Every structure is written in C-alpha cells, then in structure tokens.
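Comments concern the structure below.
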Amino acid sequence: MTDQSLGSDLAYLDYNATAPMRPEAEQAVLAAMRTVGNASSTHRPGRDAARRVDTARRQVAELLNCTPGEIVFTSGATEANNLALRAAFSTGGALVTSTVEHPAVLETAKNLTGEAPGTLRLAPVNEDGLVDLDALHDALAGGGVAIVSLMAANNETGVLTALAPITEAAHAAGALVHTDATQMAGRLPIDLAKTDVDLLSLSAHKFGGPQGVGALFVRRGIPLPYRPLIFGGGQERGWRAGTLNVAGIAGAGAAAEAALHGMAHERARVARLRDLLESALVEQISDCRINGALGLRLPGVTSITFRGAPADAVLAAMPDVAASEGSACASGAPSPSHVLLGMGRSRDEADSTVRFSLGYASTDRDVIQAVSSTVRAVRQVRAAMSTPV
C-alpha cells in the first residue's frame with residue numbers, strides 16, 4: 001500500500017472487496033498501455049499486444065496449475081460466473097448451489113431457472129458456514145442435475161469449501177462442477193491438476209491486479225457448448241467477443257505471478273495478523289462472536305459480530321479503518337447478510353457484524369490501529385444505544 005493511494009492515516013482491511021494493486025501489476029498495466037496494437041491484428045504492434053496477452057494467460061494458468069488454453073479472460077468473476085452457469089444450464093437439467101453463494105452466482109441461478117420451476121436446488125449450510133453434504137447428496141439424488149456451483153471460499157466469512165468430495169459426488173451423478181474461487185485465487189494454493197472442477201471463476205483485483213478483468217477456467221474436453229453473453233468477433237475461442245483489454249489482462253497476469261511466488265510467505269504472515277486482530281478484539285470487547293469455522297477459513301478474513309452495535313454505526317465511528325459490513329457488492333442493501341442468516345444468525349446479529357479482511361500489504365501497524373479504533377467505536381455506539389460495554 002502507498003500513502004498516495006490509501007492515505008497514511010488509514011488502516012485498509014477490506015481486501016475481500018478489493019486489494020491494492022501490486023507494484024508488478026501496475027508496471028505491467030502501464031507498459032501495456034503504451035502498446036498501440038489490437039491483440040487480434042497481425043501486424044507487429046498487434047503481435048506485441050497478443051504476446052502480452054499470451055504471457056498473462058500463461059501466468060494465470062500457472063497460478064491455477066492448468067494449461068493456458070483453458071483460460072478465458074473476462075471483465076471479472078461476475079461475468080465468468082454468468083458464462084459458466086449459462087453454458088452448463090443450457091445443456092438441460094437442474095442447477096445446484098448453496099444458500100450462501102455470492103450474488104453473482106445466486107442471482108444468475110435464479111434468473112436462469114426462473115421459468116423452469118424445480119430446476120434450482122439450494123443446499124443449506126450449518127452454523128459454521130459449511131455446506132450440508134447430506135443435503136447436497138439429496139439434491140443430486142433427485143437426478144437430472146446439469147451443474148453444481150459452490151464457492152471455494154466465502155466472501156463474508158472466509159469459510160472454505162472442501163471441493164474434492166463435492167466434485168466426486170457431482171460427477172458420479174453426471175453433473176458438471178463450477179466453483180467461484182474469487183476469494184481463494186492468489187491467497188491459497190489451487191491445483192486444478194488435482195482439484196477436479198470443470199469450471200472456475202476468478203477476479204484479478206482480489207489478489208492485487210486491476211479492477212475490471214477476470215478469468216474463467218474451462219477444463220479441456222468437458223461436454224459444454226459455449227454460450228457467450230457478448231457476440232461479435234469471436235475472441236477468446238468464441239466465449240467472449242470484443243477487443244481484448246490488453247492492459248488489464250497484462251496486470252492480471254503480473255499479479256497472478258507475484259501472488260504465486262509470494263503465497264507461502266504471505267499466507268503465514270497474514271494469518272498471524274488476522275489472529276492478532278481477533279484475539280485483541282475478543283479480549284477487549286465483551287459479547288462479540290467470530291463467525292465461521294475457525295479452522296477452515298482464508299488466512300486473512302474474520303467476520304465478527306459485536307452484539308448491540310450496528311455495523312454501519314461502528315464503521316461510521318472509525319473513519320480511519322476501511323472494513324465492511326459484508327459483501328461490497330451488496331453494500332447499501334436494506335436487507336441483512338444472507339450469508340449470516342443462512343448460518344442461523346438473527347437479523348440483529350447480522351446487522352451488527354463487521355468483516356475485516358487482510359492481505360499481502362497489511363502490516364502490524366494496520367492491526368494495532370484497527371484494534372484501537374474498533375474498540376473505541378463499539379464502546380461509543382453501545383453507549384449511545386445504552387448497551388452495556
């Protein structure tokens with residue numbers, strides 16, 4: 001993080017919304033912006049642009065341990081999710097997902113199945129945010145499932161999904177498997193040579209790339225007709241027409257390479273900072289609760305309920321800390337978090353929950369500042385509402 005981009009007085013703990021751009025990505029973007037050519041052109045400037053795209057495709061493929069030809073560049077994970085679900089659902093059959101998915105999956109699923117009653121099957125989660133595998137098996141047992149879509153890591157709680165048993169069960173039932181890996185990519189290892197999902201979505205800005213670029217992994221050989229959302233020149237093997245965003249793609253590739261090389265160190269360091277933040281807040285603030293399976297979370301994410309202190313008031317009382325009420329994509333929504341409600345939390349508990357998410361550039365200073373400001377803010381809000389501190 002730089003003082004110019006975020007402000008020297010701000011503790012930025014909202015990496016699940018977007019991560020600061022990595023220096024490597026920024027350099028790649030600026031270099032690509034000086035490239036004049038269209039990546040579809042055959043002249044020298046066009047070939048130069050195409051080489052930058054090819055390099056980025058290889059870098060993203062290395063992050064996922066797949067082949068470059070299995071990567072389709074998109075505008076982000078939302079588009080990638082739409083492409084994956086639309087293509088799979090077009091083959092006929094039901095769509096199975098969970099109650100705590102990101103809106104980019106849930107709303108897409110509802111839209112696709114809206115005129116086909118009974119084709120959307122939602123698996124619940126337990127109080128720790130883990131998918132109910134018995135319910136998932138029941139959904140598959142109903143037969144005729146086209147695709148199972150479950151996120152690799154939850155964007156609000158950081159809870160991880162064990163994909164291996166899910167893919168095994170889904171494939172046995174003849175269904176394809178998609179995972180929204182937006183929050184996991186670049187933070188924890190993903191090995192698509194061993195994890196047998198058919199489709200995977202990611203967004204570059206979650207691991208330090210630019211906003212507005214993402215990718216869809218499409219496993220070679222799966223029986224899936226492409227169903228583009230955008231028609232035109234047939235770029236990206238027909239999956240997505242339109243002139244390629246060379247600068248954004250180059251930045252995504254550079255961020256993927258940097259994230260892969262630094263992952264082991266970043267993972268351990270960020271987990272230590274998250275644990276320090278949690279332990280200090282739990283020690284200093286009474287009647288708070290950490291949400292999600294504590295041993296099965298992303299290293300940098302914590303969702304904490306401060307009972308009796310509405311999250312919007314807490315966040316407003318600590319302007320020197322960037323955190324979130326939940327998903328940035330649902331900010332301003334009048335309804336409480338569907339993720340927390342799906343985990344059995346009450347509406348009041350959901351409304352009193354703050355998500356802190358740390359990443360590659362987070363520091364001890366950020367944590368110290370966040371602890372001090374959060375303790376002060378929660379006490380201030382509770383006092384204003386006459387809630388014991």
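Identifiers for the structure tokens are assigned positionally: chains receive A, B, ... in sequence, residues are indexed from 1 per chain, and ligands are indexed from 1 in the order shown.
Residues of region 288-344 of chain A that DSSP, applied to the backbone, places in alpha helix (DSSP H): Ala311, Asp312, Ala313, Val314, Leu315, Ala316, His338, Val339, Leu340, Leu341 and Gly342 of chain A.
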Listing only residues of region 315-366 of chain A within 12 Å of region 258-261 of chain A, what is the closest atom pair and its distance in Å (to one decimal) for each, using only C-alpha atoms, sorted by chain and residue number ascending, as JSON lines?
```
{"residue": "A:Gly359", "atom": "CA", "partner": "A:Ala259", "partner_atom": "CA", "distance": 10.6}
{"residue": "A:Tyr360", "atom": "CA", "partner": "A:Ala259", "partner_atom": "CA", "distance": 8.5}
{"residue": "A:Ala361", "atom": "CA", "partner": "A:Ala259", "partner_atom": "CA", "distance": 11.5}
```
With 10 Å as the cut-off and only C-alpha atoms counted, what is the closest atom pair between each nearby residue of region 194-228 of chain A and region 165-184 of chain A? Distances in Å to one decimal, ordered by chain and number, as JSON lines.
```
{"residue": "A:Thr195", "atom": "CA", "partner": "A:Thr167", "partner_atom": "CA", "distance": 8.3}
{"residue": "A:Asp196", "atom": "CA", "partner": "A:Thr167", "partner_atom": "CA", "distance": 6.4}
{"residue": "A:Val197", "atom": "CA", "partner": "A:Val177", "partner_atom": "CA", "distance": 5.2}
{"residue": "A:Asp198", "atom": "CA", "partner": "A:Val177", "partner_atom": "CA", "distance": 5.3}
{"residue": "A:Leu199", "atom": "CA", "partner": "A:His178", "partner_atom": "CA", "distance": 4.5}
{"residue": "A:Leu200", "atom": "CA", "partner": "A:Thr179", "partner_atom": "CA", "distance": 4.9}
{"residue": "A:Ser201", "atom": "CA", "partner": "A:Asp180", "partner_atom": "CA", "distance": 4.9}
{"residue": "A:Leu202", "atom": "CA", "partner": "A:Thr182", "partner_atom": "CA", "distance": 4.3}
{"residue": "A:Ser203", "atom": "CA", "partner": "A:Thr182", "partner_atom": "CA", "distance": 5.6}
{"residue": "A:Ala204", "atom": "CA", "partner": "A:Thr182", "partner_atom": "CA", "distance": 8.3}
{"residue": "A:His205", "atom": "CA", "partner": "A:Thr182", "partner_atom": "CA", "distance": 9.3}
{"residue": "A:Lys206", "atom": "CA", "partner": "A:Gln183", "partner_atom": "CA", "distance": 6.6}
{"residue": "A:Phe207", "atom": "CA", "partner": "A:Gln183", "partner_atom": "CA", "distance": 8.2}
{"residue": "A:Gly214", "atom": "CA", "partner": "A:Thr182", "partner_atom": "CA", "distance": 9.0}
{"residue": "A:Ala215", "atom": "CA", "partner": "A:Thr182", "partner_atom": "CA", "distance": 9.7}
{"residue": "A:Leu216", "atom": "CA", "partner": "A:Asp180", "partner_atom": "CA", "distance": 9.4}
{"residue": "A:Phe217", "atom": "CA", "partner": "A:His178", "partner_atom": "CA", "distance": 9.4}
{"residue": "A:Val218", "atom": "CA", "partner": "A:His178", "partner_atom": "CA", "distance": 9.3}
{"residue": "A:Ile222", "atom": "CA", "partner": "A:Leu176", "partner_atom": "CA", "distance": 8.4}
{"residue": "A:Pro223", "atom": "CA", "partner": "A:Leu176", "partner_atom": "CA", "distance": 9.0}
{"residue": "A:Leu224", "atom": "CA", "partner": "A:Leu176", "partner_atom": "CA", "distance": 9.1}
```
Take the selection from the previous step and output its residues with C-alpha atoms, as a compact mmCIF listing (two decimals), in the first residue's frame.
```
# COMPACT_ATOMS: atom_id res chain seq x y z
CA THR A 195 -8.95 -30.49 -7.93
CA ASP A 196 -11.34 -31.93 -10.49
CA VAL A 197 -13.68 -28.97 -11.01
CA ASP A 198 -14.82 -28.34 -14.56
CA LEU A 199 -15.19 -24.55 -14.36
CA LEU A 200 -13.61 -21.93 -12.09
CA SER A 201 -14.06 -18.17 -11.87
CA LEU A 202 -11.69 -15.51 -10.54
CA SER A 203 -11.24 -11.76 -10.45
CA ALA A 204 -7.82 -10.12 -10.65
CA HIS A 205 -8.48 -7.24 -8.24
CA LYS A 206 -8.88 -9.62 -5.31
CA PHE A 207 -5.19 -10.63 -5.46
CA GLY A 214 -11.06 -11.73 -14.52
CA ALA A 215 -10.98 -15.20 -15.97
CA LEU A 216 -12.98 -18.37 -16.42
CA PHE A 217 -11.20 -21.73 -16.38
CA VAL A 218 -12.89 -24.20 -18.73
CA ILE A 222 -15.77 -31.31 -20.94
CA PRO A 223 -19.07 -31.64 -22.83
CA LEU A 224 -20.03 -27.99 -22.73
```
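Proximity to Gly69 (chain A) at 12 Å, evaluated using only C-alpha atoms and with sequence-adjacent residues fewer than 4 positions away removed, yields A:Val53, A:Asp54, A:Thr55, A:Ala56, A:Arg57, A:Arg58, A:Gln59, A:Val60, A:Ala61, A:Glu62, A:Asn65, A:Phe73, A:Ala215, A:Leu216, A:Phe217, A:Val218, A:Arg219, A:Arg220, A:Gly221, A:Glu236, A:Arg237.
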Convert the current residue selection to file output with C-alpha atoms, as a compact mmCIF listing (two decimals), in the first residue's frame.
```
# COMPACT_ATOMS: atom_id res chain seq x y z
CA VAL A 53 -1.99 -11.45 -23.53
CA ASP A 54 -0.27 -14.80 -24.09
CA THR A 55 2.14 -14.09 -21.25
CA ALA A 56 -0.71 -13.20 -18.91
CA ARG A 57 -2.68 -16.27 -19.91
CA ARG A 58 0.33 -18.40 -19.01
CA GLN A 59 0.80 -16.57 -15.69
CA VAL A 60 -2.84 -17.09 -14.67
CA ALA A 61 -2.65 -20.73 -15.76
CA GLU A 62 0.43 -21.23 -13.59
CA ASN A 65 -1.85 -25.22 -12.44
CA PHE A 73 -10.36 -13.71 -19.99
CA ALA A 215 -10.98 -15.20 -15.97
CA LEU A 216 -12.98 -18.37 -16.42
CA PHE A 217 -11.20 -21.73 -16.38
CA VAL A 218 -12.89 -24.20 -18.73
CA ARG A 219 -11.46 -27.69 -18.46
CA ARG A 220 -10.47 -29.04 -21.83
CA GLY A 221 -12.65 -31.87 -23.06
CA GLU A 236 -11.45 -15.92 -26.58
CA ARG A 237 -12.34 -19.00 -28.65
```
Report task. Find the residues around Arg86 (chain A) up to 9 Å (only C-alpha atoms counted), leave out those fewer than 3 positions away in its own chain, and share them as a ChimeraX atom specification. Result -> /A:81-83,89-90,108-109,112,226-229
**Report entry** Which of region 172-336 of chain A fall in strand (DSSP E), as a PyMOL selection string
**Finding:** chain A and resi 176-180+199-203+214-218+288-291+301-306+321-322
Resulting file, chosen residues, N, CA and C atoms, as a compact mmCIF listing (two decimals), in the first residue's frame:
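After the write, result-v1.txt holds the following:
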```
# COMPACT_ATOMS: atom_id res chain seq x y z
N LEU A 176 -21.74 -31.38 -14.02
CA LEU A 176 -20.52 -30.59 -14.04
C LEU A 176 -20.37 -29.84 -12.73
N VAL A 177 -19.15 -29.39 -12.43
CA VAL A 177 -18.89 -28.65 -11.19
C VAL A 177 -18.21 -27.33 -11.50
N HIS A 178 -18.79 -26.26 -10.97
CA HIS A 178 -18.21 -24.92 -11.08
C HIS A 178 -17.91 -24.42 -9.68
N THR A 179 -16.80 -23.71 -9.53
CA THR A 179 -16.51 -23.05 -8.26
C THR A 179 -16.13 -21.60 -8.50
N ASP A 180 -16.74 -20.74 -7.71
CA ASP A 180 -16.36 -19.33 -7.70
C ASP A 180 -15.18 -19.21 -6.74
N LEU A 199 -15.16 -25.98 -14.09
CA LEU A 199 -15.19 -24.55 -14.36
C LEU A 199 -14.81 -23.80 -13.10
N LEU A 200 -14.05 -22.72 -13.25
CA LEU A 200 -13.61 -21.93 -12.09
C LEU A 200 -13.55 -20.47 -12.49
N SER A 201 -14.05 -19.61 -11.61
CA SER A 201 -14.06 -18.17 -11.87
C SER A 201 -13.12 -17.44 -10.91
N LEU A 202 -12.52 -16.36 -11.40
CA LEU A 202 -11.69 -15.51 -10.54
C LEU A 202 -11.73 -14.08 -11.01
N SER A 203 -11.30 -13.18 -10.13
CA SER A 203 -11.24 -11.76 -10.45
C SER A 203 -9.88 -11.22 -10.01
N GLY A 214 -11.00 -10.45 -15.23
CA GLY A 214 -11.06 -11.73 -14.52
C GLY A 214 -10.86 -12.85 -15.50
N ALA A 215 -11.19 -14.06 -15.08
CA ALA A 215 -10.98 -15.20 -15.97
C ALA A 215 -11.93 -16.33 -15.60
N LEU A 216 -12.24 -17.14 -16.61
CA LEU A 216 -12.98 -18.37 -16.42
C LEU A 216 -12.10 -19.53 -16.89
N PHE A 217 -11.87 -20.49 -16.01
CA PHE A 217 -11.20 -21.73 -16.38
C PHE A 217 -12.25 -22.69 -16.93
N VAL A 218 -12.01 -23.21 -18.12
CA VAL A 218 -12.89 -24.20 -18.73
C VAL A 218 -12.05 -25.43 -19.03
N CYS A 288 -18.88 -10.44 21.94
CA CYS A 288 -18.68 -10.48 20.50
C CYS A 288 -18.43 -11.93 20.07
N ARG A 289 -18.63 -12.20 18.80
CA ARG A 289 -18.56 -13.57 18.30
C ARG A 289 -17.91 -13.60 16.93
N ILE A 290 -17.00 -14.54 16.74
CA ILE A 290 -16.38 -14.74 15.43
C ILE A 290 -17.24 -15.73 14.66
N ASN A 291 -17.56 -15.40 13.44
CA ASN A 291 -18.43 -16.24 12.61
C ASN A 291 -17.63 -17.13 11.68
N VAL A 301 -9.19 -13.37 6.76
CA VAL A 301 -10.58 -12.92 6.88
C VAL A 301 -11.14 -13.23 8.26
N THR A 302 -11.84 -12.26 8.85
CA THR A 302 -12.59 -12.51 10.07
C THR A 302 -13.89 -11.74 10.03
N SER A 303 -14.96 -12.42 10.38
CA SER A 303 -16.29 -11.82 10.47
C SER A 303 -16.67 -11.82 11.94
N ILE A 304 -16.86 -10.64 12.52
CA ILE A 304 -17.09 -10.53 13.97
C ILE A 304 -18.39 -9.79 14.24
N THR A 305 -19.23 -10.42 15.05
CA THR A 305 -20.49 -9.81 15.47
C THR A 305 -20.28 -9.11 16.80
N PHE A 306 -20.55 -7.81 16.83
CA PHE A 306 -20.49 -7.01 18.06
C PHE A 306 -21.93 -6.75 18.49
N VAL A 321 -10.37 3.37 9.60
CA VAL A 321 -10.27 1.94 9.29
C VAL A 321 -11.21 1.62 8.14
N ALA A 322 -10.69 0.98 7.11
CA ALA A 322 -11.52 0.53 5.99
C ALA A 322 -11.86 -0.93 6.21
```
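Using only C-alpha atoms, the protein and nucleic acid residues lying no more than 8 Å from Pro225 (chain A), apart from those fewer than 4 places from it along its own chain, are Ala87, Ala88 and Thr91 of chain A.
Using only C-alpha atoms, the shortest contact distance between Gly142 (chain A) and any of A:Val159, A:Met21, A:Arg121, A:Ala164 is found at A:Arg121.
Between CA of Val381 (chain A) and CA of Tyr15 (chain A) the interatomic distance comes to 25.0 Å.
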Query raised in the report: Near Pro124 (chain A), counting only C-alpha atoms, which residues have an atom at most 8 Å away, once you skip same-chain residues fewer than 6 positions from it, shown as a PyMOL selection string?
Result: chain A and resi 98-100+131-132+135+342
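Proximity to Val125 (chain A) was assessed for A:Pro103, A:Pro20, A:Gly46, A:Gly344 counting only C-alpha atoms; the smallest distance is recorded for A:Gly344.
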Contacts of region 197-264 of chain A with region 48-52 of chain A up to 12 Å, shortest pair per row, only C-alpha atoms, as CSV:
```
residue,atom,partner,partner_atom,distance
A:Gln235,CA,A:Ala50,CA,11.8
A:Glu236,CA,A:Ala50,CA,11.9
A:Thr243,CA,A:Ala49,CA,11.1
A:Leu244,CA,A:Ala50,CA,9.1
A:Asn245,CA,A:Ala49,CA,9.8
A:Val246,CA,A:Ala49,CA,6.5
A:Ala247,CA,A:Arg52,CA,8.5
A:Gly248,CA,A:Arg52,CA,10.4
A:Ile249,CA,A:Arg52,CA,8.1
A:Ala250,CA,A:Arg52,CA,6.0
A:Gly251,CA,A:Arg52,CA,9.7
A:Ala252,CA,A:Arg52,CA,10.9
A:Gly253,CA,A:Arg52,CA,9.0
A:Ala254,CA,A:Arg52,CA,10.3
```
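Interatomic distance, CA of Ala123 (chain A) to CA of Ala84 (chain A): 19.1 Å.
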